[in-house]
Amino acid sequence: MCYIWQHKLLIFNKLLVLAKPGTKTMVHTKQSDVGEHLHEVYGHERLLSRLAASLTDGRFPHATLFVGPPGVGKQRIAIWVAQGLLCDDGPGAPCGKCQSCRQVAALGHPDLHWFIPVPRPKATDPDKQIDEARGLLADAVADRRARPLYDRPAGTASHALASIRLLHRIVHVRPFQGPRKAVVLGNAERLVVQEASHEAANALLKILEEPPADTYVMLTTSEPQSLLPTIRSRLVPVRIGGVGDETVRRFLSRELRPPPARSAMEQRLLKAEGSIGRAALARGWENGAEKAADGFLAAVQGGARRWAPLALAQAPWAARGDFTAMLDALALRLRAGLLKRAPLDAQGTRRIAAAIRRVEETRAAAQGNVNPQLALAVLARRLGEFAA
Ligand SMILES: [Zn+2]
């Protein structure tokens, strides 16, 4: 697998080198005459011109994996590529002016499909699940349109089987508006296939193996090693690195309202490490919720005698939001364990996947009128079964 992976990388790099630089290198997508829209792509100029060249030459691969550190702009760049694919003058660098480009910038193009991790649908009927997934995704996209500086998705959100079925449907329907359609699937490490669902894995493999000629599927992840090798080997990697401090500074001063004052700006730049997302959110990627989750997990592993007093005493949730944040952090911790084990040990993978389900259920219950401490006690008991 590793060989194929490297081989594909080599081929793609060659393509990029051989391709002549595109004549259109405009990367600005900012529009004042459409409602809410994405900010332009900051930095990454060389990568964009190489991508544009491969689009112009018609050599851009149909199934790609955008890889890079969190917050570095992988999904934003994938959407830029989608814009270049759907541009009325395309494929090539997006002109930023035509109707299609403006629709993409406003996340309103009917042939742009952005898959974001969402809560698992509640319906039991598969068709209803797909409809529900469609609605959840529309909400998630609307949210990103309204707040383009988004944080990572909730820990319990995933690309569940219903999302993959929806993807399958979309891929096999003709484009609505132009000759092509583009799919961006962010946080690919959240694909439910990682949780040992064979149906989901097979459906996805089929899509990636033979995407229709009019379809381009771009997955993004900061954890490529966590994808199943069978999936990874079908994708051509596109590596996305960090940007310089000056680019981060330009982004923060132009896109944050109000822009950070001088000392705050320096603080953010220190944290950025080339990642605009990290600098823009700047509330630290670790916080109280993660500490609480670690304490809770340690207590669960220590058995009921340990977790019962600890978990209950430790949980004076000031707000329901704190409790949900802790559950999200808990799910992320479990997921990290899942990703480490993924292809190695099917039984371990299934156990962790089931544990994540328990956290999801608790999170759903917490949205209602349930007592957080009671919910936590129930969760601890059920997670204790997996910790054994
Ligand atoms: Zn255009």
# chains A, B, ... in the order shown; residues from 1 in each chain; ligands from 1
$ residues_near_ligand --ligand "ligand 1" --cutoff "8 Å" --atoms "only C-alpha atoms and all ligand atoms" --output "list in words"
Gln83, Gly84, Leu86, Cys87, Asp88, Asp89, Gly90, Pro94, Cys95, Gly96, Lys97, Cys98, Gln99, Ser100, Cys101 and Arg102 of chain A
$ residues_around --residues "Val41 (chain A)" --least-positions-apart "2" --cutoff "12 Å" --atoms "only C-alpha atoms" --output "MDAnalysis selection string"
chainID A and resid 26:30 38:39 43:45 47:48 72:81 83 94 96 105 148 243 247:248 250:251 255 276
$ closest_residue --among "A:Pro121, A:Gly348, A:Gly384, A:Pro126" --to "Ala364 (chain A)" --atoms "only C-alpha atoms"
A:Pro121
$ select_by_dssp --residues "region 172-374 of chain A" --states "strand (DSSP E)" --output "list in words"
Lys181, Ala182, Val183, Val184, Leu185, Thr215, Tyr216, Val217, Met218, Leu219, Thr220, Thr221, Val236, Pro237, Val238 and Arg239 of chain A
$ closest_residue --among "A:Glu36, A:Ala162, A:Ala53, A:Ala292" --to "Leu191 (chain A)" --atoms "only C-alpha atoms"
A:Ala162
$ closest_residue --among "A:Arg278, A:Arg169, A:Arg357, A:Arg144" --to "Leu252 (chain A)" --atoms "only C-alpha atoms"
A:Arg278
$ select_by_dssp --residues "region 68-241 of chain A" --states "helix (DSSP H, G or I)" --output "VMD selection string"
chain A and resid 74 to 86 99 to 105 126 to 146 161 to 171 188 to 190 192 to 195 198 to 209 224 to 226 229 to 232
$ closest_residue --among "A:Thr124, A:Gln301, A:Thr324, A:Ser253" --to "Glu266 (chain A)" --atoms "only C-alpha atoms"
A:Ser253
$ closest_residue --among "A:Arg165, A:Arg249, A:Arg333, A:Arg381" --to "Ala279 (chain A)" --atoms "only C-alpha atoms"
A:Arg249
$ closest_residue --among "A:Val183, A:Leu281, A:Leu327, A:Leu112" --to "Arg147 (chain A)" --atoms "only C-alpha atoms"
A:Leu281
$ atom_distance --atom1 "CA of Gly155 (chain A)" --atom2 "CA of Pro224 (chain A)"
18.0 Å
$ closest_atom_pairs --of "region 76-187 of chain A" --to "region 209-222 of chain A" --cutoff "12 Å" --atoms "only C-alpha atoms" --output "Markdown table"
| residue | atom | partner | partner_atom | distance |
| --- | --- | --- | --- | --- |
| A:Arg76 | CA | A:Thr220 | CA | 10.0 |
| A:Ile77 | CA | A:Thr220 | CA | 9.9 |
| A:Ala78 | CA | A:Met218 | CA | 6.6 |
| A:Ile79 | CA | A:Met218 | CA | 9.0 |
| A:Trp80 | CA | A:Met218 | CA | 11.2 |
| A:Val81 | CA | A:Met218 | CA | 9.1 |
| A:Ala82 | CA | A:Tyr216 | CA | 8.2 |
| A:Gln83 | CA | A:Tyr216 | CA | 11.6 |
| A:Gly84 | CA | A:Tyr216 | CA | 11.5 |
| A:Leu85 | CA | A:Tyr216 | CA | 8.5 |
| A:Leu86 | CA | A:Tyr216 | CA | 10.5 |
| A:Pro91 | CA | A:Asp214 | CA | 11.7 |
| A:Asp111 | CA | A:Thr215 | CA | 9.5 |
| A:Leu112 | CA | A:Tyr216 | CA | 10.0 |
| A:His113 | CA | A:Val217 | CA | 9.4 |
| A:Trp114 | CA | A:Met218 | CA | 9.6 |
| A:Phe115 | CA | A:Leu219 | CA | 9.2 |
| A:Ile116 | CA | A:Thr220 | CA | 10.5 |
| A:Pro117 | CA | A:Thr220 | CA | 11.8 |
| A:Arg152 | CA | A:Ser222 | CA | 11.4 |
| A:His159 | CA | A:Leu219 | CA | 11.7 |
| A:Leu167 | CA | A:Val217 | CA | 9.9 |
| A:His168 | CA | A:Pro211 | CA | 9.9 |
| A:Arg169 | CA | A:Pro212 | CA | 11.9 |
| A:Ile170 | CA | A:Thr215 | CA | 9.6 |
| A:Val171 | CA | A:Thr215 | CA | 6.7 |
| A:His172 | CA | A:Pro212 | CA | 7.2 |
| A:Val173 | CA | A:Pro212 | CA | 9.5 |
| A:Arg174 | CA | A:Asp214 | CA | 8.0 |
| A:Pro175 | CA | A:Asp214 | CA | 7.7 |
| A:Phe176 | CA | A:Asp214 | CA | 11.4 |
| A:Gln177 | CA | A:Asp214 | CA | 12.0 |
| A:Gly178 | CA | A:Asp214 | CA | 9.6 |
| A:Pro179 | CA | A:Asp214 | CA | 6.6 |
| A:Arg180 | CA | A:Asp214 | CA | 4.6 |
| A:Lys181 | CA | A:Thr215 | CA | 5.1 |
| A:Ala182 | CA | A:Tyr216 | CA | 4.9 |
| A:Val183 | CA | A:Val217 | CA | 4.7 |
| A:Val184 | CA | A:Met218 | CA | 4.8 |
| A:Leu185 | CA | A:Leu219 | CA | 4.7 |
| A:Gly186 | CA | A:Thr220 | CA | 4.9 |
| A:Asn187 | CA | A:Thr221 | CA | 5.0 |
$ atom_distance --atom1 "CA of His198 (chain A)" --atom2 "CA of Val359 (chain A)"
22.1 Å
$ atom_distance --atom1 "CA of Gly303 (chain A)" --atom2 "CA of Ala325 (chain A)"
23.4 Å
$ residues_around --residues "region 130-136 of chain A" --least-positions-apart "5" --cutoff "8 Å" --atoms "only C-alpha atoms" --output "number ranges by chain"
A: 118-123, 162-163, 165-166
$ residues_around --residues "Gly92 (chain A)" --least-positions-apart "4" --cutoff "6 Å" --atoms "only C-alpha atoms" --output "list in words"
Ala52, Leu55, Thr56 and Gly84 of chain A
